[in-house]
file coords.csv (CSV, C-alpha atoms)
chain,number,residue,atom,x,y,z
B,8,MET,CA,21.4,-2.0,6.5
B,9,GLU,CA,24.6,-3.9,5.8
B,10,THR,CA,26.0,-3.1,2.3
B,11,ASN,CA,27.4,-6.6,1.8
B,12,ASN,CA,23.9,-8.1,1.5
B,13,ILE,CA,23.2,-8.6,-2.2
B,14,PHE,CA,20.1,-9.6,-4.0
B,15,VAL,CA,20.8,-13.1,-5.5
B,16,ALA,CA,17.7,-15.1,-4.8
B,17,ASN,CA,17.6,-18.4,-6.7
B,18,GLY,CA,14.4,-17.6,-8.7
B,19,LEU,CA,13.1,-19.1,-11.8
B,20,ILE,CA,14.6,-18.0,-15.1
B,21,GLY,CA,12.1,-16.8,-17.7
B,22,SER,CA,12.5,-16.2,-21.5
B,23,SER,CA,9.0,-15.5,-22.9
B,24,ASN,CA,7.5,-14.0,-19.8
B,25,PRO,CA,8.4,-10.3,-19.8
B,26,ILE,CA,8.5,-10.1,-16.0
B,27,HIS,CA,10.9,-13.1,-15.5
B,28,GLN,CA,14.5,-12.3,-14.9
B,29,GLU,CA,16.9,-13.9,-17.3
B,30,GLY,CA,19.7,-14.5,-14.8
B,31,LEU,CA,19.7,-16.1,-11.4
B,32,ASP,CA,21.0,-13.0,-9.7
B,33,THR,CA,19.6,-10.2,-11.9
B,34,CYS,CA,16.4,-9.5,-10.0
B,35,ALA,CA,17.3,-5.9,-9.1
B,36,ILE,CA,18.4,-5.1,-12.7
B,37,LYS,CA,15.2,-6.7,-14.1
B,38,ALA,CA,13.0,-4.7,-11.7
B,39,GLN,CA,14.7,-1.5,-12.9
B,40,GLN,CA,14.2,-2.6,-16.5
B,41,ILE,CA,10.5,-3.0,-16.0
B,42,ILE,CA,10.3,0.4,-14.5
B,43,LEU,CA,12.4,2.0,-17.2
B,44,ASN,CA,10.1,0.4,-19.8
B,45,GLU,CA,7.0,1.8,-18.0
B,46,PHE,CA,8.6,5.3,-18.3
B,47,GLY,CA,8.8,4.8,-22.0
B,48,ILE,CA,12.6,4.1,-22.1
B,49,PRO,CA,13.4,1.1,-24.3
B,50,CYS,CA,16.0,-1.3,-23.0
B,51,THR,CA,16.6,-5.0,-22.4
B,52,GLU,CA,17.7,-6.8,-19.3
B,53,ALA,CA,20.9,-7.9,-21.2
B,54,GLN,CA,21.8,-4.3,-22.0
B,55,LEU,CA,21.3,-3.2,-18.4
B,56,VAL,CA,23.4,-6.2,-17.1
B,57,GLN,CA,26.3,-5.2,-19.3
B,58,PHE,CA,25.9,-1.5,-18.4
B,59,SER,CA,25.8,-2.4,-14.7
B,60,TYR,CA,28.9,-4.6,-15.0
B,61,GLU,CA,30.8,-1.9,-16.8
B,62,HIS,CA,30.0,0.6,-14.0
B,63,GLY,CA,30.8,-1.8,-11.1
B,64,TRP,CA,27.2,-2.1,-9.9
B,65,TYR,CA,27.0,-5.8,-10.8
B,66,ASN,CA,29.7,-8.5,-10.9
B,67,GLY,CA,27.8,-11.7,-11.6
B,68,ASN,CA,26.8,-12.0,-7.9
B,69,GLY,CA,23.8,-9.8,-7.5
B,70,THR,CA,23.3,-6.1,-6.9
B,71,SER,CA,24.1,-4.4,-3.6
B,72,PRO,CA,21.1,-2.5,-2.1
B,73,GLU,CA,22.8,0.9,-2.3
B,74,ASN,CA,23.2,0.4,-6.1
B,75,VAL,CA,19.6,-0.4,-6.7
B,76,GLY,CA,18.2,2.6,-8.5
B,77,ASN,CA,21.4,3.6,-10.2
B,78,LEU,CA,20.1,2.6,-13.6
B,79,LEU,CA,17.0,4.7,-13.1
B,80,GLU,CA,19.1,7.7,-12.1
B,81,VAL,CA,21.3,7.4,-15.2
B,82,ALA,CA,18.1,7.6,-17.2
B,83,GLY,CA,17.1,10.8,-15.5
B,84,ILE,CA,14.6,9.2,-13.1
B,85,HIS,CA,15.6,10.4,-9.6
B,86,VAL,CA,15.0,8.0,-6.7
B,87,THR,CA,14.8,8.0,-2.9
B,88,ARG,CA,16.4,5.2,-0.9
B,89,GLN,CA,15.0,4.5,2.5
B,90,ALA,CA,15.7,2.0,5.2
B,91,ASN,CA,13.5,1.3,8.2
B,92,ALA,CA,10.4,2.3,6.2
B,93,ASN,CA,6.9,1.2,7.2
B,94,ILE,CA,3.7,0.3,5.4
B,95,PHE,CA,2.4,3.9,5.6
B,96,ASN,CA,5.6,5.2,3.9
B,97,LEU,CA,5.2,2.5,1.2
B,98,VAL,CA,1.5,3.4,0.6
B,99,SER,CA,2.4,7.1,0.4
B,100,GLU,CA,4.9,6.5,-2.4
B,101,LEU,CA,2.4,4.3,-4.3
B,102,ALA,CA,-0.4,6.9,-3.8
B,103,GLN,CA,1.9,9.5,-5.5
B,104,GLY,CA,2.3,7.2,-8.6
B,105,HIS,CA,5.9,6.4,-7.7
B,106,LYS,CA,7.3,3.0,-8.5
B,107,VAL,CA,8.8,1.1,-5.5
B,108,ILE,CA,11.5,-1.6,-5.4
B,109,VAL,CA,11.9,-3.4,-2.1
B,110,GLY,CA,14.4,-5.9,-0.7
B,111,VAL,CA,13.0,-9.1,0.7
B,112,ASP,CA,13.8,-12.6,1.9
B,113,ALA,CA,12.4,-14.6,-1.1
B,114,ASP,CA,11.9,-17.8,0.8
B,115,GLU,CA,9.4,-16.1,3.1
B,116,LEU,CA,7.3,-15.3,0.0
B,117,TRP,CA,7.9,-18.3,-2.2
B,118,HIS,CA,8.4,-21.1,0.3
B,119,ASN,CA,6.2,-20.3,3.3
B,120,SER,CA,3.0,-22.4,2.8
B,121,THR,CA,3.8,-25.4,5.0
B,122,GLU,CA,4.5,-25.5,8.7
B,123,GLU,CA,7.9,-27.0,8.0
B,124,GLU,CA,8.8,-24.1,5.6
B,125,GLN,CA,7.5,-21.5,8.1
B,126,HIS,CA,9.5,-23.1,10.9
B,127,GLN,CA,12.6,-23.1,8.7
B,128,ASN,CA,12.1,-19.4,7.9
B,129,TRP,CA,11.6,-18.6,11.6
B,130,LEU,CA,14.9,-20.4,12.4
B,131,GLU,CA,16.7,-18.4,9.7
B,132,ASP,CA,15.4,-15.1,11.1
B,133,PHE,CA,16.3,-16.1,14.6
B,134,ASN,CA,19.8,-17.3,13.8
B,135,ASN,CA,20.6,-14.4,11.5
B,136,ASP,CA,19.3,-11.6,13.7
B,137,GLY,CA,16.2,-11.0,11.5
B,138,GLY,CA,17.0,-13.0,8.3
B,139,ILE,CA,18.9,-12.2,5.1
B,140,PRO,CA,17.5,-10.2,2.2
B,141,ASP,CA,18.3,-11.9,-1.1
B,142,HIS,CA,15.8,-10.6,-3.6
B,143,ALA,CA,14.4,-7.4,-5.1
B,144,LEU,CA,11.0,-6.9,-6.5
B,145,ILE,CA,8.4,-4.2,-7.3
B,146,VAL,CA,5.4,-3.4,-5.1
B,147,ALA,CA,2.6,-3.1,-7.6
B,148,GLY,CA,-0.1,-2.0,-5.1
B,149,ILE,CA,-1.9,-2.7,-1.9
B,150,ASP,CA,-5.5,-4.0,-1.7
B,151,THR,CA,-7.2,-2.7,1.4
B,152,SER,CA,-10.8,-3.6,0.4
B,153,ASP,CA,-10.9,-6.0,3.3
B,154,PRO,CA,-9.1,-4.3,6.3
B,155,ASN,CA,-9.0,-7.7,8.0
B,156,ASN,CA,-7.1,-9.3,5.1
B,157,ILE,CA,-4.9,-6.6,3.5
B,158,GLN,CA,-3.0,-7.9,0.5
B,159,VAL,CA,0.2,-6.6,-1.0
B,160,LEU,CA,0.5,-7.0,-4.8
B,161,LEU,CA,4.0,-7.8,-6.1
B,162,THR,CA,5.6,-7.8,-9.5
B,163,ASP,CA,8.2,-10.4,-9.0
B,164,PRO,CA,11.1,-11.0,-11.4
B,165,GLY,CA,11.9,-14.2,-9.7
B,166,THR,CA,8.6,-15.9,-10.4
B,167,GLY,CA,7.4,-14.0,-13.3
B,168,ASP,CA,4.2,-12.9,-11.5
B,169,CYS,CA,2.9,-9.6,-12.6
B,170,CYS,CA,0.6,-8.8,-9.7
B,171,LYS,CA,0.6,-11.6,-7.2
B,172,ALA,CA,-1.2,-11.0,-3.8
B,173,TYR,CA,0.4,-11.8,-0.5
B,174,PRO,CA,-1.1,-11.2,3.0
B,175,LEU,CA,0.3,-8.1,4.6
B,176,ASP,CA,1.9,-10.0,7.5
B,177,GLN,CA,3.7,-12.4,5.2
B,178,PHE,CA,5.0,-9.5,3.1
B,179,MET,CA,6.1,-7.5,6.2
B,180,ASP,CA,8.0,-10.5,7.5
B,181,ALA,CA,9.9,-10.9,4.2
B,182,TRP,CA,10.4,-7.1,3.8
B,183,SER,CA,11.7,-6.7,7.4
B,184,ASP,CA,14.7,-8.9,6.6
B,185,SER,CA,16.1,-6.0,4.6
B,186,GLN,CA,15.3,-3.6,7.4
B,187,CYS,CA,12.3,-2.6,5.3
B,188,TYR,CA,14.6,-1.1,2.6
B,189,MET,CA,12.9,0.5,-0.4
B,190,VAL,CA,13.9,2.5,-3.5
B,191,SER,CA,11.2,4.7,-4.9
B,192,THR,CA,11.1,7.0,-7.9
B,193,ASP,CA,10.6,10.7,-7.2
B,194,VAL,CA,8.2,11.1,-10.1
B,195,ALA,CA,5.0,9.3,-11.2
B,196,VAL,CA,4.9,6.9,-14.1
B,197,PRO,CA,2.9,8.0,-17.2
B,198,GLN,CA,-0.9,8.0,-17.1
B,199,SER,CA,-0.9,5.2,-19.7
B,200,VAL,CA,0.7,2.7,-17.4
B,201,PRO,CA,-1.9,0.2,-16.0
B,202,GLY,CA,-3.0,1.0,-12.5
B,203,MET,CA,-2.8,4.7,-12.9
B,204,GLU,CA,-6.5,5.1,-13.8
B,205,ASN,CA,-7.4,6.8,-10.5
B,206,PHE,CA,-4.3,8.9,-10.3
B,207,ASN,CA,-5.0,12.6,-10.2
B,208,PRO,CA,-2.2,14.3,-12.2
B,209,GLU,CA,-3.3,17.8,-11.2
B,210,VAL,CA,-2.5,17.2,-7.6
B,211,GLY,CA,0.1,14.4,-8.0
B,212,HIS,CA,-1.5,11.7,-5.9
B,213,LEU,CA,-4.6,9.6,-5.5
B,214,ASP,CA,-7.6,11.5,-4.1
B,215,PHE,CA,-8.5,8.8,-1.6
B,216,ILE,CA,-6.5,6.0,0.2
B,217,ALA,CA,-8.6,3.2,1.7
B,218,GLY,CA,-11.6,5.6,1.7
B,219,VAL,CA,-9.6,8.3,3.5
B,220,PRO,CA,-8.8,11.7,1.8
B,221,TYR,CA,-5.1,11.9,0.9
B,222,THR,CA,-4.8,15.0,3.1
B,223,ASP,CA,-5.9,12.9,6.1
B,224,PHE,CA,-3.7,10.0,5.2
B,225,GLN,CA,-0.7,12.3,5.2
B,226,ILE,CA,-1.2,12.9,8.9
B,227,PHE,CA,-1.1,9.2,9.6
B,228,ASN,CA,2.0,8.8,7.4
B,229,ASP,CA,3.7,11.6,9.3
B,230,MET,CA,2.9,10.0,12.6
B,231,SER,CA,4.1,6.6,11.4
B,232,TYR,CA,7.7,7.9,11.4
B,233,GLY,CA,7.6,8.1,15.2
B,234,ILE,CA,6.1,4.7,15.8
B,235,PRO,CA,8.3,1.6,16.1
B,236,VAL,CA,7.4,-1.6,14.2
B,237,PHE,CA,8.1,-3.5,17.4
B,238,ALA,CA,9.2,-2.7,20.9
B,239,PRO,CA,11.0,-4.9,23.4
B,240,LEU,CA,9.2,-6.1,26.5
B,241,ASP,CA,10.4,-8.2,29.5
B,242,PHE,CA,8.6,-11.2,28.0
B,243,GLY,CA,9.2,-10.6,24.3
B,244,TYR,CA,8.0,-8.0,21.9
B,245,CYS,CA,4.9,-5.9,21.2
B,246,TYR,CA,4.0,-4.4,17.9
B,247,PRO,CA,2.9,-0.7,18.1
B,248,MET,CA,2.8,-0.4,14.3
B,249,ASN,CA,0.1,-3.1,14.1
B,250,SER,CA,-2.0,-1.1,16.6
B,251,PHE,CA,-1.5,2.0,14.5
B,252,VAL,CA,-2.7,0.2,11.4
B,253,ASP,CA,-5.8,-0.8,13.3
B,254,ALA,CA,-6.4,2.7,14.4
B,255,PHE,CA,-6.1,4.0,10.8
B,256,PHE,CA,-8.7,1.6,9.6
B,257,ASP,CA,-11.0,2.5,12.5
B,258,PHE,CA,-10.6,6.1,11.4
B,259,ALA,CA,-11.2,5.1,7.7
B,260,HIS,CA,-14.4,3.3,8.5
B,261,GLN,CA,-15.6,6.2,10.7
B,262,ASP,CA,-15.7,4.0,13.7
B,263,ILE,CA,-13.7,6.6,15.6
B,264,GLY,CA,-12.7,10.2,15.0
B,265,TYR,CA,-9.2,11.5,15.0
B,266,VAL,CA,-9.5,13.2,18.5
B,267,ALA,CA,-11.1,10.1,19.9
B,268,LEU,CA,-8.4,8.0,18.3
B,269,LEU,CA,-5.7,9.9,20.2
B,270,ASN,CA,-7.7,9.5,23.4
B,271,ASN,CA,-8.3,5.9,22.9
B,272,GLN,CA,-6.0,3.3,24.5
B,273,TYR,CA,-4.4,2.0,21.4
B,274,LEU,CA,-1.1,0.4,22.0
B,275,PHE,CA,0.8,2.8,19.7
B,276,THR,CA,0.1,5.8,21.8
B,277,ASP,CA,2.5,4.6,24.5
B,278,TYR,CA,5.4,4.4,22.0
B,279,MET,CA,5.1,7.6,20.0
B,280,ASN,CA,8.4,9.5,19.4
B,281,HIS,CA,7.2,13.1,19.0
B,282,SER,CA,10.7,14.4,18.1
B,283,LEU,CA,10.4,12.3,14.9
B,284,ILE,CA,6.8,13.0,14.2
B,285,ILE,CA,6.8,16.8,14.6
B,286,PRO,CA,9.3,17.5,11.7
B,287,GLN,CA,7.2,15.4,9.4
B,288,LEU,CA,4.1,17.3,10.3
B,289,VAL,CA,5.8,20.6,9.8
B,290,ASN,CA,7.0,19.5,6.4
B,291,THR,CA,3.4,18.5,5.5
B,292,TYR,CA,2.1,21.8,6.8
B,293,ASP,CA,4.6,23.7,4.6
B,294,LEU,CA,3.7,21.7,1.5
B,295,GLY,CA,-0.1,22.0,2.1
B,296,LEU,CA,-0.3,25.7,2.9
B,297,PRO,CA,0.1,26.8,-0.8
B,298,ASN,CA,-3.0,24.6,-1.6
B,299,ILE,CA,-5.2,26.8,0.5
B,300,ALA,CA,-6.7,29.8,-1.4
B,301,PHE,CA,-6.1,32.3,1.4
B,302,ASN,CA,-6.1,35.9,0.3
B,303,PRO,CA,-5.7,39.2,2.3
B,304,MET,CA,-9.4,39.2,3.0
B,305,ASN,CA,-9.7,35.7,4.5
B,306,ASP,CA,-6.3,34.8,5.9
B,307,TRP,CA,-5.4,34.7,9.6
B,308,ASN,CA,-4.1,38.3,9.8
B,309,HIS,CA,-7.5,39.6,8.5
B,310,TYR,CA,-9.3,37.3,10.9
B,311,ALA,CA,-7.2,38.5,13.8
B,312,PHE,CA,-7.7,42.1,12.9
B,313,ASP,CA,-11.5,41.7,12.7
B,314,HIS,CA,-11.7,39.9,16.0
B,315,HIS,CA,-9.2,42.1,17.8
B,316,VAL,CA,-6.8,39.3,18.4
B,317,GLY,CA,-3.2,40.0,19.1
B,318,ILE,CA,-1.7,36.5,19.8
B,319,MET,CA,-2.5,33.2,18.0
B,320,THR,CA,-3.6,30.6,20.5
B,321,ASN,CA,-4.7,27.1,19.8
B,322,ASP,CA,-8.3,27.9,20.6
B,323,LEU,CA,-8.3,31.0,18.4
B,324,TYR,CA,-6.8,29.1,15.5
B,325,ASN,CA,-9.4,26.4,15.9
B,326,ASP,CA,-12.1,29.0,15.5
B,327,PHE,CA,-10.3,30.4,12.4
B,328,LEU,CA,-10.0,27.0,10.8
B,329,THR,CA,-13.6,26.2,11.5
B,330,GLN,CA,-14.7,29.4,9.9
B,331,SER,CA,-12.4,28.9,6.9
B,332,ILE,CA,-13.7,25.4,6.3
B,333,MET,CA,-17.2,26.6,6.3
B,334,ASP,CA,-16.4,29.5,3.9
B,335,PHE,CA,-14.4,27.4,1.5
B,336,ASN,CA,-17.1,24.7,1.4
B,337,ALA,CA,-19.8,27.4,0.8
B,338,ILE,CA,-18.0,28.6,-2.4
B,339,GLY,CA,-17.2,25.0,-3.6
B,340,ASP,CA,-13.4,25.3,-3.0
B,341,ILE,CA,-13.1,21.7,-1.7
B,342,GLN,CA,-9.4,21.5,-2.0
B,343,SER,CA,-8.8,24.5,0.3
B,344,ALA,CA,-11.3,23.1,2.8
B,345,MET,CA,-9.6,19.7,2.8
B,346,TYR,CA,-6.2,21.3,3.5
B,347,CYS,CA,-7.7,23.4,6.3
B,348,GLU,CA,-9.1,20.1,7.7
B,349,GLN,CA,-5.6,18.7,7.5
B,350,GLN,CA,-4.4,21.7,9.6
B,351,MET,CA,-7.2,21.0,12.0
B,352,MET,CA,-5.9,17.5,12.5
B,353,MET,CA,-2.4,19.0,13.2
B,354,LEU,CA,-4.0,21.3,15.7
B,355,ASP,CA,-5.8,18.4,17.4
B,356,TYR,CA,-2.5,16.6,17.7
B,357,CYS,CA,-1.0,19.7,19.3
B,358,ASN,CA,-3.9,20.1,21.7
B,359,HIS,CA,-3.7,16.5,22.8
B,360,TYR,CA,0.0,16.6,23.5
B,361,ASN,CA,0.1,20.1,24.9
B,362,TYR,CA,2.1,21.8,22.0
B,363,ASP,CA,1.5,25.3,20.9
B,364,PHE,CA,0.5,25.4,17.3
B,365,TYR,CA,2.1,28.7,16.6
B,366,ASP,CA,5.4,27.8,18.1
B,367,THR,CA,5.4,24.4,16.5
B,368,PHE,CA,4.5,25.4,12.9
B,369,TYR,CA,5.5,29.0,12.7
B,370,CYS,CA,8.4,29.8,15.0
B,371,SER,CA,10.6,26.7,15.3
B,372,PRO,CA,11.2,23.4,13.5
B,373,MET,CA,10.8,21.5,16.8
B,374,PRO,CA,9.0,22.1,20.1
B,375,ILE,CA,10.7,21.2,23.3
B,376,VAL,CA,9.7,17.7,24.2
call {"tool": "encode", "arguments": {"input": "coords.csv", "output": "structure tokens"}}
result
Amino acid sequence: METNNIFVANGLIGSSNPIHQEGLDTCAIKAQQIILNEFGIPCTEAQLVQFSYEHGWYNGNGTSPENVGNLLEVAGIHVTRQANANIFNLVSELAQGHKVIVGVDADELWHNSTEEEQHQNWLEDFNNDGGIPDHALIVAGIDTSDPNNIQVLLTDPGTGDCCKAYPLDQFMDAWSDSQCYMVSTDVAVPQSVPGMENFNPEVGHLDFIAGVPYTDFQIFNDMSYGIPVFAPLDFGYCYPMNSFVDAFFDFAHQDIGYVALLNNQYLFTDYMNHSLIIPQLVNTYDLGLPNIAFNPMNDWNHYAFDHHVGIMTNDLYNDFLTQSIMDFNAIGDIQSAMYCEQQMMMLDYCNHYNYDFYDTFYCSPMPIV
């Protein structure tokens, strides 16, 4: 994104409300102050404004996107900055207990209720090649209880709202004006922070997301990296990511299995960039493997020896994973079984797109596509 875009939305100024920013252009600083306080670091907005001014991150005219997160890093809270993120990436960060600051076009949130306001926002997007981000706020959570009306919950320094719900489409429209820029902490906030009741500190994430095990959700998050938000057509645009969201909820509600999902004629399947998806899957495989309690008596090498197998094929590995899942479930090792099922989804992906599992996940970081 362009570095000259700064967050200076003309929001309300609060004094007694702890969420309200005190300056017209201090939304990004206020958002960081809220997060620092949640991490147990006492500081005021005024102190952070002065500190930011002294370090050249704030000059009385807002905060540049690349400087959002600097205050957190100075306090020892490492962050990740990402442009062109998507809703799955955002949910993934939240599921890990990370705090997320996003850049948005404030008008598309605050002033978007009437047809006139919506038309004005559309004209701004059209005339400015997508609109102008002018505000920073915190994503407090996402309510997926009604998949037909997903709500994004925002902690907004500009309005003082602690947890206001916006329809997903409206949020995405406002967020897209910053090229879906987000800054997320690399560590989870303390258990005492409201909203962390269901967080599992032992594994470092929520156990379930929208009714789907976290291990399954990871596969969808990996795939989302290779699916565009929109794609140009001769007559306009189509939205493969919307189709992918629909597919996820069909999977979550068990209306369709993962293999059937790939075989189904969802729009997103025509726009998948496998060269972007495969590295994400490989990374997830590497992170998940240590969570499986394989030992010399039940790992692949032992299985191959017992079955007189010399070369791992997709079919043979399918048989191995099927047996492993049964064995782990039989002894009550649910975590190992779930991560084996995660590998099974990766294997299904490989089978559907004619990739060799061994070559993809063992021998090379990328298959030839």
call {"tool": "closest_residue", "arguments": {"input": "coords.csv", "among": "B:Gln54, B:Asn68, B:Ser152, B:Ser231", "to": "Gln39 (chain B)", "atoms": "all atoms listed in the file"}}
result
B:Gln54
call {"tool": "closest_residue", "arguments": {"input": "coords.csv", "among": "B:Ile299, B:Thr151, B:Glu115, B:Asp229", "to": "Phe215 (chain B)", "atoms": "all atoms listed in the file"}}
result
B:Thr151
call {"tool": "residues_near_point", "arguments": {"input": "coords.csv", "point": "(23.2, 5.2, -5.5)", "cutoff": "12 Å", "atoms": "all atoms listed in the file", "output": "list in words"}}
result
Thr10, His62, Gly63, Trp64, Thr70, Ser71, Pro72, Glu73, Asn74, Val75, Gly76, Asn77, Leu78, Leu79, Glu80, Val81, His85, Val86, Thr87, Arg88, Gln89 and Val190 of chain B
call {"tool": "closest_residue", "arguments": {"input": "coords.csv", "among": "B:Leu296, B:Met248, B:Val200, B:Met304", "to": "Cys347 (chain B)", "atoms": "all atoms listed in the file"}}
result
B:Leu296
call {"tool": "atom_distance", "arguments": {"input": "coords.csv", "atom1": "CA of Phe275 (chain B)", "atom2": "CA of Leu101 (chain B)"}}
result
24.1 Å
call {"tool": "residues_around", "arguments": {"input": "coords.csv", "residues": "Phe258 (chain B)", "least_positions_apart": "6", "cutoff": "9 Å", "atoms": "only C-alpha atoms", "output": "list in words"}}
result
Val219, Gly264, Tyr265 and Leu268 of chain B
call {"tool": "write_last_selection", "arguments": {"input": "coords.csv", "atoms": "C-alpha atoms", "output": "PDB file, in the coordinates of the input"}}
result
ATOM      1  CA  VAL B 219      -9.600   8.300   3.500  1.00  0.00           C
ATOM      2  CA  GLY B 264     -12.700  10.200  15.000  1.00  0.00           C
ATOM      3  CA  TYR B 265      -9.200  11.500  15.000  1.00  0.00           C
ATOM      4  CA  LEU B 268      -8.400   8.000  18.300  1.00  0.00           C
TER       5      LEU B 268
END
call {"tool": "atom_distance", "arguments": {"input": "coords.csv", "atom1": "CA of His314 (chain B)", "atom2": "CA of Met333 (chain B)"}}
result
17.4 Å
call {"tool": "atom_distance", "arguments": {"input": "coords.csv", "atom1": "CA of Ile234 (chain B)", "atom2": "CA of Thr276 (chain B)"}}
result
8.6 Å
call {"tool": "closest_residue", "arguments": {"input": "coords.csv", "among": "B:Asn321, B:Ser185, B:Ser250, B:Gln177", "to": "Ile13 (chain B)", "atoms": "all atoms listed in the file"}}
result
B:Ser185
call {"tool": "closest_residue", "arguments": {"input": "coords.csv", "among": "B:Gly148, B:Pro201, B:Gly67, B:Gly339", "to": "Ile94 (chain B)", "atoms": "all atoms listed in the file"}}
result
B:Gly148
call {"tool": "residues_around", "arguments": {"input": "coords.csv", "residues": "Ala172 (chain B)", "least_positions_apart": "2", "cutoff": "10 Å", "atoms": "all atoms listed in the file", "output": "number ranges by chain"}}
result
B: 147-150, 157-162, 168-170, 174-175, 178
call {"tool": "closest_residue", "arguments": {"input": "coords.csv", "among": "B:Ile338, B:Ile26, B:Ile332, B:Met345", "to": "Asn298 (chain B)", "atoms": "all atoms listed in the file"}}
result
B:Met345
call {"tool": "closest_atom_pairs", "arguments": {"input": "coords.csv", "of": "region 179-198 of chain B", "to": "region 208-214 of chain B", "cutoff": "10 Å", "atoms": "only C-alpha atoms", "output": "CSV"}}
result
residue,atom,partner,partner_atom,distance
B:Val194,CA,B:Gly211,CA,9.0
B:Ala195,CA,B:Gly211,CA,7.8
B:Pro197,CA,B:Pro208,CA,9.5
B:Gln198,CA,B:Pro208,CA,8.1
call {"tool": "closest_atom_pairs", "arguments": {"input": "coords.csv", "of": "region 207-266 of chain B", "to": "region 277-288 of chain B", "cutoff": "9 Å", "atoms": "all atoms listed in the file", "output": "CSV"}}
result
residue,atom,partner,partner_atom,distance
B:Gln225,CA,B:Leu288,CA,8.6
B:Ile226,CA,B:Leu288,CA,7.0
B:Asn228,CA,B:Gln287,CA,8.6
B:Asp229,CA,B:Gln287,CA,5.2
B:Met230,CA,B:Ile284,CA,5.2
B:Ser231,CA,B:Ile284,CA,7.5
B:Tyr232,CA,B:Ile284,CA,5.9
B:Gly233,CA,B:Asn280,CA,4.5
B:Ile234,CA,B:Met279,CA,5.2
B:Pro235,CA,B:Tyr278,CA,7.1
B:Ala238,CA,B:Tyr278,CA,8.1
B:Pro247,CA,B:Tyr278,CA,6.9
call {"tool": "residues_around", "arguments": {"input": "coords.csv", "residues": "Glu348 (chain B)", "least_positions_apart": "5", "cutoff": "9 Å", "atoms": "only C-alpha atoms", "output": "list of chain:residue names"}}
result
B:Thr222, B:Asp223, B:Leu328, B:Thr329, B:Ile332, B:Ser343, B:Met353
call {"tool": "closest_atom_pairs", "arguments": {"input": "coords.csv", "of": "region 260-341 of chain B", "to": "region 357-367 of chain B", "cutoff": "9 Å", "atoms": "only C-alpha atoms", "output": "CSV"}}
result
residue,atom,partner,partner_atom,distance
B:Val266,CA,B:His359,CA,7.9
B:Leu269,CA,B:His359,CA,7.4
B:Asn270,CA,B:His359,CA,8.1
B:Ile285,CA,B:Thr367,CA,8.0
B:Val289,CA,B:Thr367,CA,7.7
B:Met319,CA,B:Tyr365,CA,6.6
B:Thr320,CA,B:Tyr365,CA,7.2
B:Asn321,CA,B:Phe364,CA,6.0
B:Tyr324,CA,B:Phe364,CA,8.4
